[in-house]
Amino acid sequence: MKTIIEPFRIKSVEPIYFNTKEERQNILESAFFNPFLIHSKDVLIDLLTDSGTSAMSSNQWAGIMQGDESYAGSPSFFRFEETVQHITGMPLVIPTHQGRAAEKILFSILGGKGKYFVSNTLFDTTRANIEFSGAEGIDCICEEGKHPAIPAPFKGNMDTDVLKKIIEKKGAANIPLCIITVTNNSGGGQPVSMQNIREVKKICTENNIPLFIDACRFAENSYFIKLREKGYANKSVREIARELFSYADGCTMSAKKDAFANIGGFLAMRNEELAQQCRNLLIMTEGFPTYGGLAGRDLEAIAIGLNEVLDEHYLQYRIRSIEYLTNKLIAAGVPVMQPAGGHAVYLDAKEFLAHIPVEQYPGQALVSALYLHGGIRSVEIGSLMFGKYDEHKKMIPAQLELVRLAIPRRVYTQSHIDYVAEVIIEVFENRSEIKGLKIFEEAPTLRHFTAKLKPVE
Ligand SMILES: *Cc1c(COP(=O)(O)O)cnc(C)c1O
């Protein structure tokens with residue numbers, strides 16, 4: 001088979017600014033070993049997130065010019081609404097300024113003390129919005145999803161036996177929603193199978209619990225189903241996505257992911273009463289229901305992006321480029337999550353830096369080392385992000401200590417990715433020199449965004 005090439009040409013470019021290791025040492029110290037506090041101009045290859053960092057197409061930019069900025073009833077909204085309805089099959093579409101705004105609205109209405117939201121794995125903003133409402137989030141990822149080094153086709157699946165037990169224990173009446181995150185961002189960008197979604201839906205229906213999809217990467221997940229699940233090889237990704245959404249009562253979406261937009265999101269659902277409650281909150285916090293915190297031009301860019309992402313040449317290149325980097329690292333013995341996920345490569349920091357105890361944040365130490373050695377910005381998904389304290393202020397670590405290298409869509413070329421592989425392999429060869437970190441300042445929620453750290457002496 002021939003090389004799978006980028007299915008686009010480059011029309012507009014932006015420069016990368018180079019710096020030295022000495023400069024990066026100072027930058028890292030001034031940023032308190034937290035990549036979120038580094039200025040982006042000081043980053044060579046920015047793999048912090050694939051959120052809002054996509055390169056928009058010439059069609060999307062043209063759509064931006066055509067955006068209609070009317071306060072109410074803009075044609076841009078109706079194009080957006082129709083596109084979302086067509087892909088999801090859900091009639092009620094509510095635009096928000098990004099995914100977490102959709103979450104905030106949904107969980108303000110459905111959450112509250114004594115409520116439980118059950119998921120394969122809740123993303124950090126989803127969990128934070130649930131907990132902020134007073135409710136609790138419960139993850140029940142399948143057994144395969146807990147072992148980064150063991151490949152399996154659908155490591156994002158929910159453990160349906162655990163789901164049943166949770167429903168029994170907490171009571172179906174206290175579970176306002178079940179949420180399936182596709183692909184499972186916090187669990188390695190791993191896909192969920194159609195069969196699993198169908199099984200979860202069956203359990204939900206039996207217990208009268210609505211099912212929502214956290215749909216940020218629905219196209220990547222649908223493509224994995226096409227590649228890996230029996231019976232889907234000859235279906236189009238659009239058909240697969242349509243089936244996936246058919247099992248859900250609603251979805252939340254960040255358009256900053258699979259819609260290639262720099263900002264935006266939405267809620268979509270089937271229940272008119274819930275939608276009305278959401279719209280009432282929307283008007284208070286986001287805006288009128290035909291723009292909801294977005295400009296008309298953003299709605300155009302999202303509508304166009306949602307159709308572009310279903311192009312199978314794009315998805316083939318997308319999934320292949322993540323796999324390409326993953327395989328290079330595997331060949332060099334670097335511990336990575338296997339198989340490759342849909343939007344990012346995940347290093348297993350617990351293995352990579354086995355000499356650093358979890359109390360000293362091996363993931364964050366690795367993030368710092370990758371920046372220092374190669375100017376690559378990544379993010380920890382481990383105990384800095386998800387760790388908690390018990391009543392004695394002792395750390396309860398996260399299940400996994402991962403470092404995520406998220407690949408922005410349509411942004412970097414193969415030589416950028418080759419460079420990333422070289423840097424990681426070099427850092428791996430010199431890993432014994434890396435030291436652990438400790439926190440000296442942190443916020444009560446979503447602490448990883450602002451925490452200040454320093455090396456352990
Ligand atoms: C990014 C993301 C969100 C939140 O979306 P924002 O647009 O960043 O607010 C929610 N869930 C998942 C799975 C995500 O990846």
# chains A, B, ... in the order shown; residues from 1 in each chain; ligands from 1
call {"tool": "residues_near_ligand", "arguments": {"ligand": "ligand 1", "cutoff": "8 Å", "atoms": "only C-alpha atoms and all ligand atoms", "output": "number ranges by chain"}}
result
A: 51-52, 97-103, 122-126, 181-186, 214-217, 252-257, 263-265
call {"tool": "residues_around", "arguments": {"residues": "segment 335-349 of chain A", "least_positions_apart": "3", "cutoff": "6 Å", "atoms": "only C-alpha atoms", "output": "VMD selection string"}}
result
chain A and resid 148 to 149 151 188 to 190 220 319 323 326 352 to 353 362 to 363 401 to 407
call {"tool": "closest_residue", "arguments": {"among": "A:Gly293, A:Gly333, A:Gly387, A:Gly436", "to": "Ile424 of chain A", "atoms": "only C-alpha atoms"}}
result
A:Gly333
call {"tool": "residues_around", "arguments": {"residues": "Leu437 of chain A", "least_positions_apart": "2", "cutoff": "9 Å", "atoms": "only C-alpha atoms", "output": "PyMOL selection string"}}
result
chain A and resi 33+359-362+364-365+435+439+453-457
call {"tool": "residues_around", "arguments": {"residues": "segment 134-142 of chain A", "least_positions_apart": "2", "cutoff": "9 Å", "atoms": "only C-alpha atoms", "output": "PDB file with N, CA and C atoms, in the first residue's frame"}}
result
ATOM      1  N   PHE A 107     -26.339  20.016  33.167  1.00  0.00           N
ATOM      2  CA  PHE A 107     -26.187  19.512  34.541  1.00  0.00           C
ATOM      3  C   PHE A 107     -26.769  20.477  35.580  1.00  0.00           C
ATOM      4  N   GLY A 111     -28.693  17.939  37.382  1.00  0.00           N
ATOM      5  CA  GLY A 111     -27.805  17.566  38.485  1.00  0.00           C
ATOM      6  C   GLY A 111     -28.391  17.890  39.841  1.00  0.00           C
ATOM      7  N   GLY A 112     -27.504  18.028  40.820  1.00  0.00           N
ATOM      8  CA  GLY A 112     -27.920  18.348  42.184  1.00  0.00           C
ATOM      9  C   GLY A 112     -27.552  17.241  43.149  1.00  0.00           C
ATOM     10  N   LYS A 113     -27.622  17.556  44.410  1.00  0.00           N
ATOM     11  CA  LYS A 113     -27.221  16.614  45.465  1.00  0.00           C
ATOM     12  C   LYS A 113     -28.032  15.325  45.397  1.00  0.00           C
ATOM     13  N   GLY A 114     -27.338  14.210  45.587  1.00  0.00           N
ATOM     14  CA  GLY A 114     -28.017  12.911  45.595  1.00  0.00           C
ATOM     15  C   GLY A 114     -28.177  12.292  44.209  1.00  0.00           C
ATOM     16  N   LYS A 115     -27.710  12.995  43.179  1.00  0.00           N
ATOM     17  CA  LYS A 115     -27.811  12.464  41.811  1.00  0.00           C
ATOM     18  C   LYS A 115     -26.465  11.879  41.360  1.00  0.00           C
ATOM     19  N   TYR A 116     -26.560  10.888  40.472  1.00  0.00           N
ATOM     20  CA  TYR A 116     -25.351  10.230  39.965  1.00  0.00           C
ATOM     21  C   TYR A 116     -25.396  10.187  38.439  1.00  0.00           C
ATOM     22  N   PHE A 117     -24.272  10.534  37.824  1.00  0.00           N
ATOM     23  CA  PHE A 117     -24.156  10.428  36.369  1.00  0.00           C
ATOM     24  C   PHE A 117     -23.127   9.343  36.063  1.00  0.00           C
ATOM     25  N   VAL A 118     -23.555   8.348  35.286  1.00  0.00           N
ATOM     26  CA  VAL A 118     -22.683   7.200  35.036  1.00  0.00           C
ATOM     27  C   VAL A 118     -22.163   7.266  33.602  1.00  0.00           C
ATOM     28  N   SER A 119     -20.878   6.979  33.443  1.00  0.00           N
ATOM     29  CA  SER A 119     -20.246   7.150  32.137  1.00  0.00           C
ATOM     30  C   SER A 119     -19.187   6.072  31.914  1.00  0.00           C
ATOM     31  N   ASN A 120     -18.733   5.914  30.643  1.00  0.00           N
ATOM     32  CA  ASN A 120     -17.511   5.121  30.430  1.00  0.00           C
ATOM     33  C   ASN A 120     -16.370   5.878  31.114  1.00  0.00           C
ATOM     34  N   THR A 121     -16.095   7.115  30.701  1.00  0.00           N
ATOM     35  CA  THR A 121     -15.216   8.005  31.451  1.00  0.00           C
ATOM     36  C   THR A 121     -15.677   9.434  31.180  1.00  0.00           C
ATOM     37  N   LEU A 122     -15.933  10.169  32.235  1.00  0.00           N
ATOM     38  CA  LEU A 122     -16.325  11.572  32.073  1.00  0.00           C
ATOM     39  C   LEU A 122     -15.083  12.397  31.790  1.00  0.00           C
ATOM     40  N   THR A 126     -16.682  17.865  32.079  1.00  0.00           N
ATOM     41  CA  THR A 126     -17.982  17.214  32.303  1.00  0.00           C
ATOM     42  C   THR A 126     -18.113  16.845  33.775  1.00  0.00           C
ATOM     43  N   ARG A 127     -17.086  16.196  34.283  1.00  0.00           N
ATOM     44  CA  ARG A 127     -17.081  15.811  35.696  1.00  0.00           C
ATOM     45  C   ARG A 127     -17.180  17.049  36.588  1.00  0.00           C
ATOM     46  N   ALA A 128     -16.440  18.102  36.236  1.00  0.00           N
ATOM     47  CA  ALA A 128     -16.438  19.312  37.067  1.00  0.00           C
ATOM     48  C   ALA A 128     -17.837  19.945  37.090  1.00  0.00           C
ATOM     49  N   ASN A 129     -18.502  19.978  35.957  1.00  0.00           N
ATOM     50  CA  ASN A 129     -19.849  20.551  35.912  1.00  0.00           C
ATOM     51  C   ASN A 129     -20.854  19.698  36.686  1.00  0.00           C
ATOM     52  N   ILE A 130     -20.683  18.391  36.643  1.00  0.00           N
ATOM     53  CA  ILE A 130     -21.543  17.487  37.415  1.00  0.00           C
ATOM     54  C   ILE A 130     -21.323  17.736  38.904  1.00  0.00           C
ATOM     55  N   GLU A 131     -20.049  17.760  39.308  1.00  0.00           N
ATOM     56  CA  GLU A 131     -19.738  17.916  40.732  1.00  0.00           C
ATOM     57  C   GLU A 131     -20.131  19.306  41.239  1.00  0.00           C
ATOM     58  N   PHE A 132     -19.989  20.302  40.384  1.00  0.00           N
ATOM     59  CA  PHE A 132     -20.358  21.667  40.788  1.00  0.00           C
ATOM     60  C   PHE A 132     -21.858  21.762  41.092  1.00  0.00           C
ATOM     61  N   GLU A 144     -10.499  -3.795  29.714  1.00  0.00           N
ATOM     62  CA  GLU A 144      -9.421  -3.552  28.729  1.00  0.00           C
ATOM     63  C   GLU A 144      -8.939  -2.103  28.785  1.00  0.00           C
ATOM     64  N   GLY A 145      -9.871  -1.210  29.087  1.00  0.00           N
ATOM     65  CA  GLY A 145      -9.542   0.219  29.108  1.00  0.00           C
ATOM     66  C   GLY A 145      -8.629   0.617  30.246  1.00  0.00           C
ATOM     67  N   LYS A 146      -8.442  -0.289  31.216  1.00  0.00           N
ATOM     68  CA  LYS A 146      -7.600   0.038  32.369  1.00  0.00           C
ATOM     69  C   LYS A 146      -6.141  -0.351  32.169  1.00  0.00           C
ATOM     70  N   LYS A 155     -11.445  -0.096  23.510  1.00  0.00           N
ATOM     71  CA  LYS A 155     -11.090   0.109  24.923  1.00  0.00           C
ATOM     72  C   LYS A 155     -11.864   1.246  25.579  1.00  0.00           C
ATOM     73  N   GLY A 156     -12.734   1.907  24.791  1.00  0.00           N
ATOM     74  CA  GLY A 156     -13.549   2.971  25.368  1.00  0.00           C
ATOM     75  C   GLY A 156     -14.889   2.449  25.880  1.00  0.00           C
ATOM     76  N   ASN A 157     -15.148   1.164  25.689  1.00  0.00           N
ATOM     77  CA  ASN A 157     -16.458   0.601  26.068  1.00  0.00           C
ATOM     78  C   ASN A 157     -16.756   0.759  27.555  1.00  0.00           C
ATOM     79  N   MET A 158     -18.052   0.837  27.833  1.00  0.00           N
ATOM     80  CA  MET A 158     -18.492   0.857  29.213  1.00  0.00           C
ATOM     81  C   MET A 158     -18.597  -0.580  29.702  1.00  0.00           C
ATOM     82  N   ASP A 159     -18.291  -0.802  30.973  1.00  0.00           N
ATOM     83  CA  ASP A 159     -18.477  -2.121  31.572  1.00  0.00           C
ATOM     84  C   ASP A 159     -19.948  -2.228  31.962  1.00  0.00           C
ATOM     85  N   THR A 160     -20.698  -3.003  31.192  1.00  0.00           N
ATOM     86  CA  THR A 160     -22.150  -3.016  31.387  1.00  0.00           C
ATOM     87  C   THR A 160     -22.557  -3.739  32.679  1.00  0.00           C
ATOM     88  N   VAL A 162     -20.847  -3.561  35.514  1.00  0.00           N
ATOM     89  CA  VAL A 162     -20.659  -2.540  36.555  1.00  0.00           C
ATOM     90  C   VAL A 162     -21.801  -1.523  36.475  1.00  0.00           C
ATOM     91  N   LEU A 163     -22.184  -1.155  35.258  1.00  0.00           N
ATOM     92  CA  LEU A 163     -23.294  -0.210  35.086  1.00  0.00           C
ATOM     93  C   LEU A 163     -24.559  -0.732  35.779  1.00  0.00           C
ATOM     94  N   ILE A 166     -24.247  -0.458  39.521  1.00  0.00           N
ATOM     95  CA  ILE A 166     -24.374   0.932  39.991  1.00  0.00           C
ATOM     96  C   ILE A 166     -25.853   1.334  40.023  1.00  0.00           C
ATOM     97  N   GLY A 187      -9.575   8.492  28.509  1.00  0.00           N
ATOM     98  CA  GLY A 187      -9.103   7.102  28.553  1.00  0.00           C
ATOM     99  C   GLY A 187      -8.316   6.740  27.309  1.00  0.00           C
TER     100      GLY A 187
END
call {"tool": "closest_residue", "arguments": {"among": "A:Arg297, A:Lys41, A:Lys170, A:His313", "to": "Phe80 of chain A", "atoms": "only C-alpha atoms"}}
result
A:Arg297
call {"tool": "atom_distance", "arguments": {"atom1": "atom CA of Leu227 of chain A", "atom2": "atom CA of Met194 of chain A"}}
result
12.1 Å
call {"tool": "closest_residue", "arguments": {"among": "A:Asp161, A:Glu300, A:His355, A:Leu282", "to": "Ile434 of chain A", "atoms": "only C-alpha atoms"}}
result
A:His355
call {"tool": "residues_around", "arguments": {"residues": "Thr53 of chain A", "least_positions_apart": "3", "cutoff": "7 Å", "atoms": "only C-alpha atoms", "output": "mmCIF file with N, CA, C and O atoms, in the first residue's frame"}}
result
data_model
loop_
_atom_site.group_PDB
_atom_site.id
_atom_site.type_symbol
_atom_site.label_atom_id
_atom_site.label_comp_id
_atom_site.auth_asym_id
_atom_site.auth_seq_id
_atom_site.Cartn_x
_atom_site.Cartn_y
_atom_site.Cartn_z
ATOM 1 N N ASP A 50 -6.197 19.183 20.953
ATOM 2 C CA ASP A 50 -6.726 19.213 19.592
ATOM 3 C C ASP A 50 -8.000 20.057 19.587
ATOM 4 O O ASP A 50 -8.776 20.002 18.656
ATOM 5 N N ASN A 262 -12.847 26.809 15.538
ATOM 6 C CA ASN A 262 -11.975 27.347 16.580
ATOM 7 C C ASN A 262 -12.746 27.631 17.872
ATOM 8 O O ASN A 262 -12.153 27.810 18.929
ATOM 9 N N PRO A 408 -3.418 18.380 16.629
ATOM 10 C CA PRO A 408 -4.402 19.283 16.015
ATOM 11 C C PRO A 408 -4.765 18.803 14.604
ATOM 12 O O PRO A 408 -3.923 18.226 13.911
#
call {"tool": "residues_around", "arguments": {"residues": "Gln316 of chain A", "least_positions_apart": "4", "cutoff": "12 Å", "atoms": "only C-alpha atoms", "output": "ChimeraX atom specification"}}
result
/A:3-7,219-220,222-224,226-227,237,309-312,320-324,342
call {"tool": "decode", "arguments": {"residues": "segment 65-199 of chain A", "atoms": "C-alpha atoms", "output": "PDB file, in the first residue's frame"}}
result
ATOM      1  CA  MET A  65     -17.608  35.713   5.303  1.00  0.00           C
ATOM      2  CA  GLN A  66     -21.154  34.584   4.624  1.00  0.00           C
ATOM      3  CA  GLY A  67     -22.183  34.381   8.267  1.00  0.00           C
ATOM      4  CA  ASP A  68     -25.359  36.338   8.919  1.00  0.00           C
ATOM      5  CA  GLU A  69     -25.132  38.217  12.186  1.00  0.00           C
ATOM      6  CA  SER A  70     -28.827  38.848  12.750  1.00  0.00           C
ATOM      7  CA  TYR A  71     -29.768  38.623  16.408  1.00  0.00           C
ATOM      8  CA  ALA A  72     -32.764  36.381  15.763  1.00  0.00           C
ATOM      9  CA  GLY A  73     -33.579  33.919  12.998  1.00  0.00           C
ATOM     10  CA  SER A  74     -30.255  34.102  11.114  1.00  0.00           C
ATOM     11  CA  PRO A  75     -30.007  31.815   8.053  1.00  0.00           C
ATOM     12  CA  SER A  76     -26.624  30.724   9.451  1.00  0.00           C
ATOM     13  CA  PHE A  77     -28.446  29.244  12.429  1.00  0.00           C
ATOM     14  CA  PHE A  78     -30.856  27.326  10.217  1.00  0.00           C
ATOM     15  CA  ARG A  79     -27.978  25.892   8.160  1.00  0.00           C
ATOM     16  CA  PHE A  80     -26.264  24.872  11.397  1.00  0.00           C
ATOM     17  CA  GLU A  81     -29.452  23.410  12.846  1.00  0.00           C
ATOM     18  CA  GLU A  82     -30.222  21.426   9.712  1.00  0.00           C
ATOM     19  CA  THR A  83     -26.700  19.983   9.576  1.00  0.00           C
ATOM     20  CA  VAL A  84     -26.799  18.859  13.211  1.00  0.00           C
ATOM     21  CA  GLN A  85     -30.304  17.431  12.750  1.00  0.00           C
ATOM     22  CA  HIS A  86     -29.191  15.535   9.677  1.00  0.00           C
ATOM     23  CA  ILE A  87     -26.101  14.002  11.311  1.00  0.00           C
ATOM     24  CA  THR A  88     -27.604  13.234  14.731  1.00  0.00           C
ATOM     25  CA  GLY A  89     -31.230  12.668  13.809  1.00  0.00           C
ATOM     26  CA  MET A  90     -32.100  14.824  16.839  1.00  0.00           C
ATOM     27  CA  PRO A  91     -34.709  17.501  16.203  1.00  0.00           C
ATOM     28  CA  LEU A  92     -33.840  19.998  18.954  1.00  0.00           C
ATOM     29  CA  VAL A  93     -30.540  21.811  18.512  1.00  0.00           C
ATOM     30  CA  ILE A  94     -29.169  24.409  20.921  1.00  0.00           C
ATOM     31  CA  PRO A  95     -25.931  26.237  20.073  1.00  0.00           C
ATOM     32  CA  THR A  96     -23.467  27.056  22.870  1.00  0.00           C
ATOM     33  CA  HIS A  97     -20.116  28.800  22.878  1.00  0.00           C
ATOM     34  CA  GLN A  98     -18.297  25.541  23.590  1.00  0.00           C
ATOM     35  CA  GLY A  99     -18.827  22.043  24.952  1.00  0.00           C
ATOM     36  CA  ARG A 100     -18.648  22.915  28.627  1.00  0.00           C
ATOM     37  CA  ALA A 101     -21.366  25.544  28.229  1.00  0.00           C
ATOM     38  CA  ALA A 102     -23.647  22.782  26.966  1.00  0.00           C
ATOM     39  CA  GLU A 103     -22.600  20.688  29.975  1.00  0.00           C
ATOM     40  CA  LYS A 104     -23.171  23.538  32.397  1.00  0.00           C
ATOM     41  CA  ILE A 105     -26.733  24.014  31.131  1.00  0.00           C
ATOM     42  CA  LEU A 106     -27.554  20.317  31.080  1.00  0.00           C
ATOM     43  CA  PHE A 107     -26.187  19.512  34.541  1.00  0.00           C
ATOM     44  CA  SER A 108     -27.628  22.654  36.134  1.00  0.00           C
ATOM     45  CA  ILE A 109     -31.019  21.256  35.156  1.00  0.00           C
ATOM     46  CA  LEU A 110     -30.477  17.534  35.773  1.00  0.00           C
ATOM     47  CA  GLY A 111     -27.805  17.566  38.485  1.00  0.00           C
ATOM     48  CA  GLY A 112     -27.920  18.348  42.184  1.00  0.00           C
ATOM     49  CA  LYS A 113     -27.221  16.614  45.465  1.00  0.00           C
ATOM     50  CA  GLY A 114     -28.017  12.911  45.595  1.00  0.00           C
ATOM     51  CA  LYS A 115     -27.811  12.464  41.811  1.00  0.00           C
ATOM     52  CA  TYR A 116     -25.351  10.230  39.965  1.00  0.00           C
ATOM     53  CA  PHE A 117     -24.156  10.428  36.369  1.00  0.00           C
ATOM     54  CA  VAL A 118     -22.683   7.200  35.036  1.00  0.00           C
ATOM     55  CA  SER A 119     -20.246   7.150  32.137  1.00  0.00           C
ATOM     56  CA  ASN A 120     -17.511   5.121  30.430  1.00  0.00           C
ATOM     57  CA  THR A 121     -15.216   8.005  31.451  1.00  0.00           C
ATOM     58  CA  LEU A 122     -16.325  11.572  32.073  1.00  0.00           C
ATOM     59  CA  PHE A 123     -14.097  14.237  30.572  1.00  0.00           C
ATOM     60  CA  ASP A 124     -12.644  16.697  33.111  1.00  0.00           C
ATOM     61  CA  THR A 125     -15.021  19.613  32.352  1.00  0.00           C
ATOM     62  CA  THR A 126     -17.982  17.214  32.303  1.00  0.00           C
ATOM     63  CA  ARG A 127     -17.081  15.811  35.696  1.00  0.00           C
ATOM     64  CA  ALA A 128     -16.438  19.312  37.067  1.00  0.00           C
ATOM     65  CA  ASN A 129     -19.849  20.551  35.912  1.00  0.00           C
ATOM     66  CA  ILE A 130     -21.543  17.487  37.415  1.00  0.00           C
ATOM     67  CA  GLU A 131     -19.738  17.916  40.732  1.00  0.00           C
ATOM     68  CA  PHE A 132     -20.358  21.667  40.788  1.00  0.00           C
ATOM     69  CA  SER A 133     -24.102  20.936  40.661  1.00  0.00           C
ATOM     70  CA  GLY A 134     -23.682  18.807  43.795  1.00  0.00           C
ATOM     71  CA  ALA A 135     -24.090  15.517  41.927  1.00  0.00           C
ATOM     72  CA  GLU A 136     -21.534  12.737  41.585  1.00  0.00           C
ATOM     73  CA  GLY A 137     -19.919  11.321  38.450  1.00  0.00           C
ATOM     74  CA  ILE A 138     -19.142   7.605  38.236  1.00  0.00           C
ATOM     75  CA  ASP A 139     -16.861   6.090  35.583  1.00  0.00           C
ATOM     76  CA  CYS A 140     -17.237   2.459  34.634  1.00  0.00           C
ATOM     77  CA  ILE A 141     -14.734   1.775  31.896  1.00  0.00           C
ATOM     78  CA  CYS A 142     -14.342  -1.807  30.650  1.00  0.00           C
ATOM     79  CA  GLU A 143     -11.451  -3.886  31.994  1.00  0.00           C
ATOM     80  CA  GLU A 144      -9.421  -3.552  28.729  1.00  0.00           C
ATOM     81  CA  GLY A 145      -9.542   0.219  29.108  1.00  0.00           C
ATOM     82  CA  LYS A 146      -7.600   0.038  32.369  1.00  0.00           C
ATOM     83  CA  HIS A 147      -4.477  -1.493  30.848  1.00  0.00           C
ATOM     84  CA  PRO A 148      -2.615   0.928  28.565  1.00  0.00           C
ATOM     85  CA  ALA A 149      -0.166  -1.616  27.186  1.00  0.00           C
ATOM     86  CA  ILE A 150      -2.678  -4.284  26.148  1.00  0.00           C
ATOM     87  CA  PRO A 151      -4.271  -3.634  22.739  1.00  0.00           C
ATOM     88  CA  ALA A 152      -7.995  -4.190  22.216  1.00  0.00           C
ATOM     89  CA  PRO A 153     -10.285  -2.806  19.506  1.00  0.00           C
ATOM     90  CA  PHE A 154     -12.780  -0.933  21.713  1.00  0.00           C
ATOM     91  CA  LYS A 155     -11.090   0.109  24.923  1.00  0.00           C
ATOM     92  CA  GLY A 156     -13.549   2.971  25.368  1.00  0.00           C
ATOM     93  CA  ASN A 157     -16.458   0.601  26.068  1.00  0.00           C
ATOM     94  CA  MET A 158     -18.492   0.857  29.213  1.00  0.00           C
ATOM     95  CA  ASP A 159     -18.477  -2.121  31.572  1.00  0.00           C
ATOM     96  CA  THR A 160     -22.150  -3.016  31.387  1.00  0.00           C
ATOM     97  CA  ASP A 161     -22.034  -5.356  34.423  1.00  0.00           C
ATOM     98  CA  VAL A 162     -20.659  -2.540  36.555  1.00  0.00           C
ATOM     99  CA  LEU A 163     -23.294  -0.210  35.086  1.00  0.00           C
ATOM    100  CA  LYS A 164     -26.061  -2.613  36.177  1.00  0.00           C
ATOM    101  CA  LYS A 165     -24.577  -2.850  39.678  1.00  0.00           C
ATOM    102  CA  ILE A 166     -24.374   0.932  39.991  1.00  0.00           C
ATOM    103  CA  ILE A 167     -28.002   1.294  38.926  1.00  0.00           C
ATOM    104  CA  GLU A 168     -29.006  -1.321  41.500  1.00  0.00           C
ATOM    105  CA  LYS A 169     -26.991   0.321  44.258  1.00  0.00           C
ATOM    106  CA  LYS A 170     -27.799   3.983  43.612  1.00  0.00           C
ATOM    107  CA  GLY A 171     -31.313   3.517  42.285  1.00  0.00           C
ATOM    108  CA  ALA A 172     -32.372   4.336  38.734  1.00  0.00           C
ATOM    109  CA  ALA A 173     -34.421   7.289  39.984  1.00  0.00           C
ATOM    110  CA  ASN A 174     -31.208   8.964  41.183  1.00  0.00           C
ATOM    111  CA  ILE A 175     -29.448   8.592  37.845  1.00  0.00           C
ATOM    112  CA  PRO A 176     -30.684  11.375  35.542  1.00  0.00           C
ATOM    113  CA  LEU A 177     -28.429  10.312  32.644  1.00  0.00           C
ATOM    114  CA  CYS A 178     -25.969   7.790  31.407  1.00  0.00           C
ATOM    115  CA  ILE A 179     -23.211   9.397  29.306  1.00  0.00           C
ATOM    116  CA  ILE A 180     -21.023   7.701  26.720  1.00  0.00           C
ATOM    117  CA  THR A 181     -17.972   9.698  25.685  1.00  0.00           C
ATOM    118  CA  VAL A 182     -16.927   8.982  22.076  1.00  0.00           C
ATOM    119  CA  THR A 183     -14.053   8.567  21.650  1.00  0.00           C
ATOM    120  CA  ASN A 184     -13.024   8.253  25.281  1.00  0.00           C
ATOM    121  CA  ASN A 185     -10.765  11.306  25.569  1.00  0.00           C
ATOM    122  CA  SER A 186      -9.536  10.831  29.130  1.00  0.00           C
ATOM    123  CA  GLY A 187      -9.103   7.102  28.553  1.00  0.00           C
ATOM    124  CA  GLY A 188      -6.754   7.361  25.596  1.00  0.00           C
ATOM    125  CA  GLY A 189      -8.987   8.496  22.738  1.00  0.00           C
ATOM    126  CA  GLN A 190     -10.162   4.885  22.495  1.00  0.00           C
ATOM    127  CA  PRO A 191     -13.371   4.121  20.607  1.00  0.00           C
ATOM    128  CA  VAL A 192     -16.651   2.685  21.847  1.00  0.00           C
ATOM    129  CA  SER A 193     -18.251  -0.086  19.781  1.00  0.00           C
ATOM    130  CA  MET A 194     -21.749   0.132  18.372  1.00  0.00           C
ATOM    131  CA  GLN A 195     -22.546  -3.097  20.177  1.00  0.00           C
ATOM    132  CA  ASN A 196     -21.574  -1.538  23.513  1.00  0.00           C
ATOM    133  CA  ILE A 197     -23.693   1.535  22.834  1.00  0.00           C
ATOM    134  CA  ARG A 198     -26.605  -0.726  21.960  1.00  0.00           C
ATOM    135  CA  GLU A 199     -26.156  -2.752  25.178  1.00  0.00           C
TER     136      GLU A 199
END
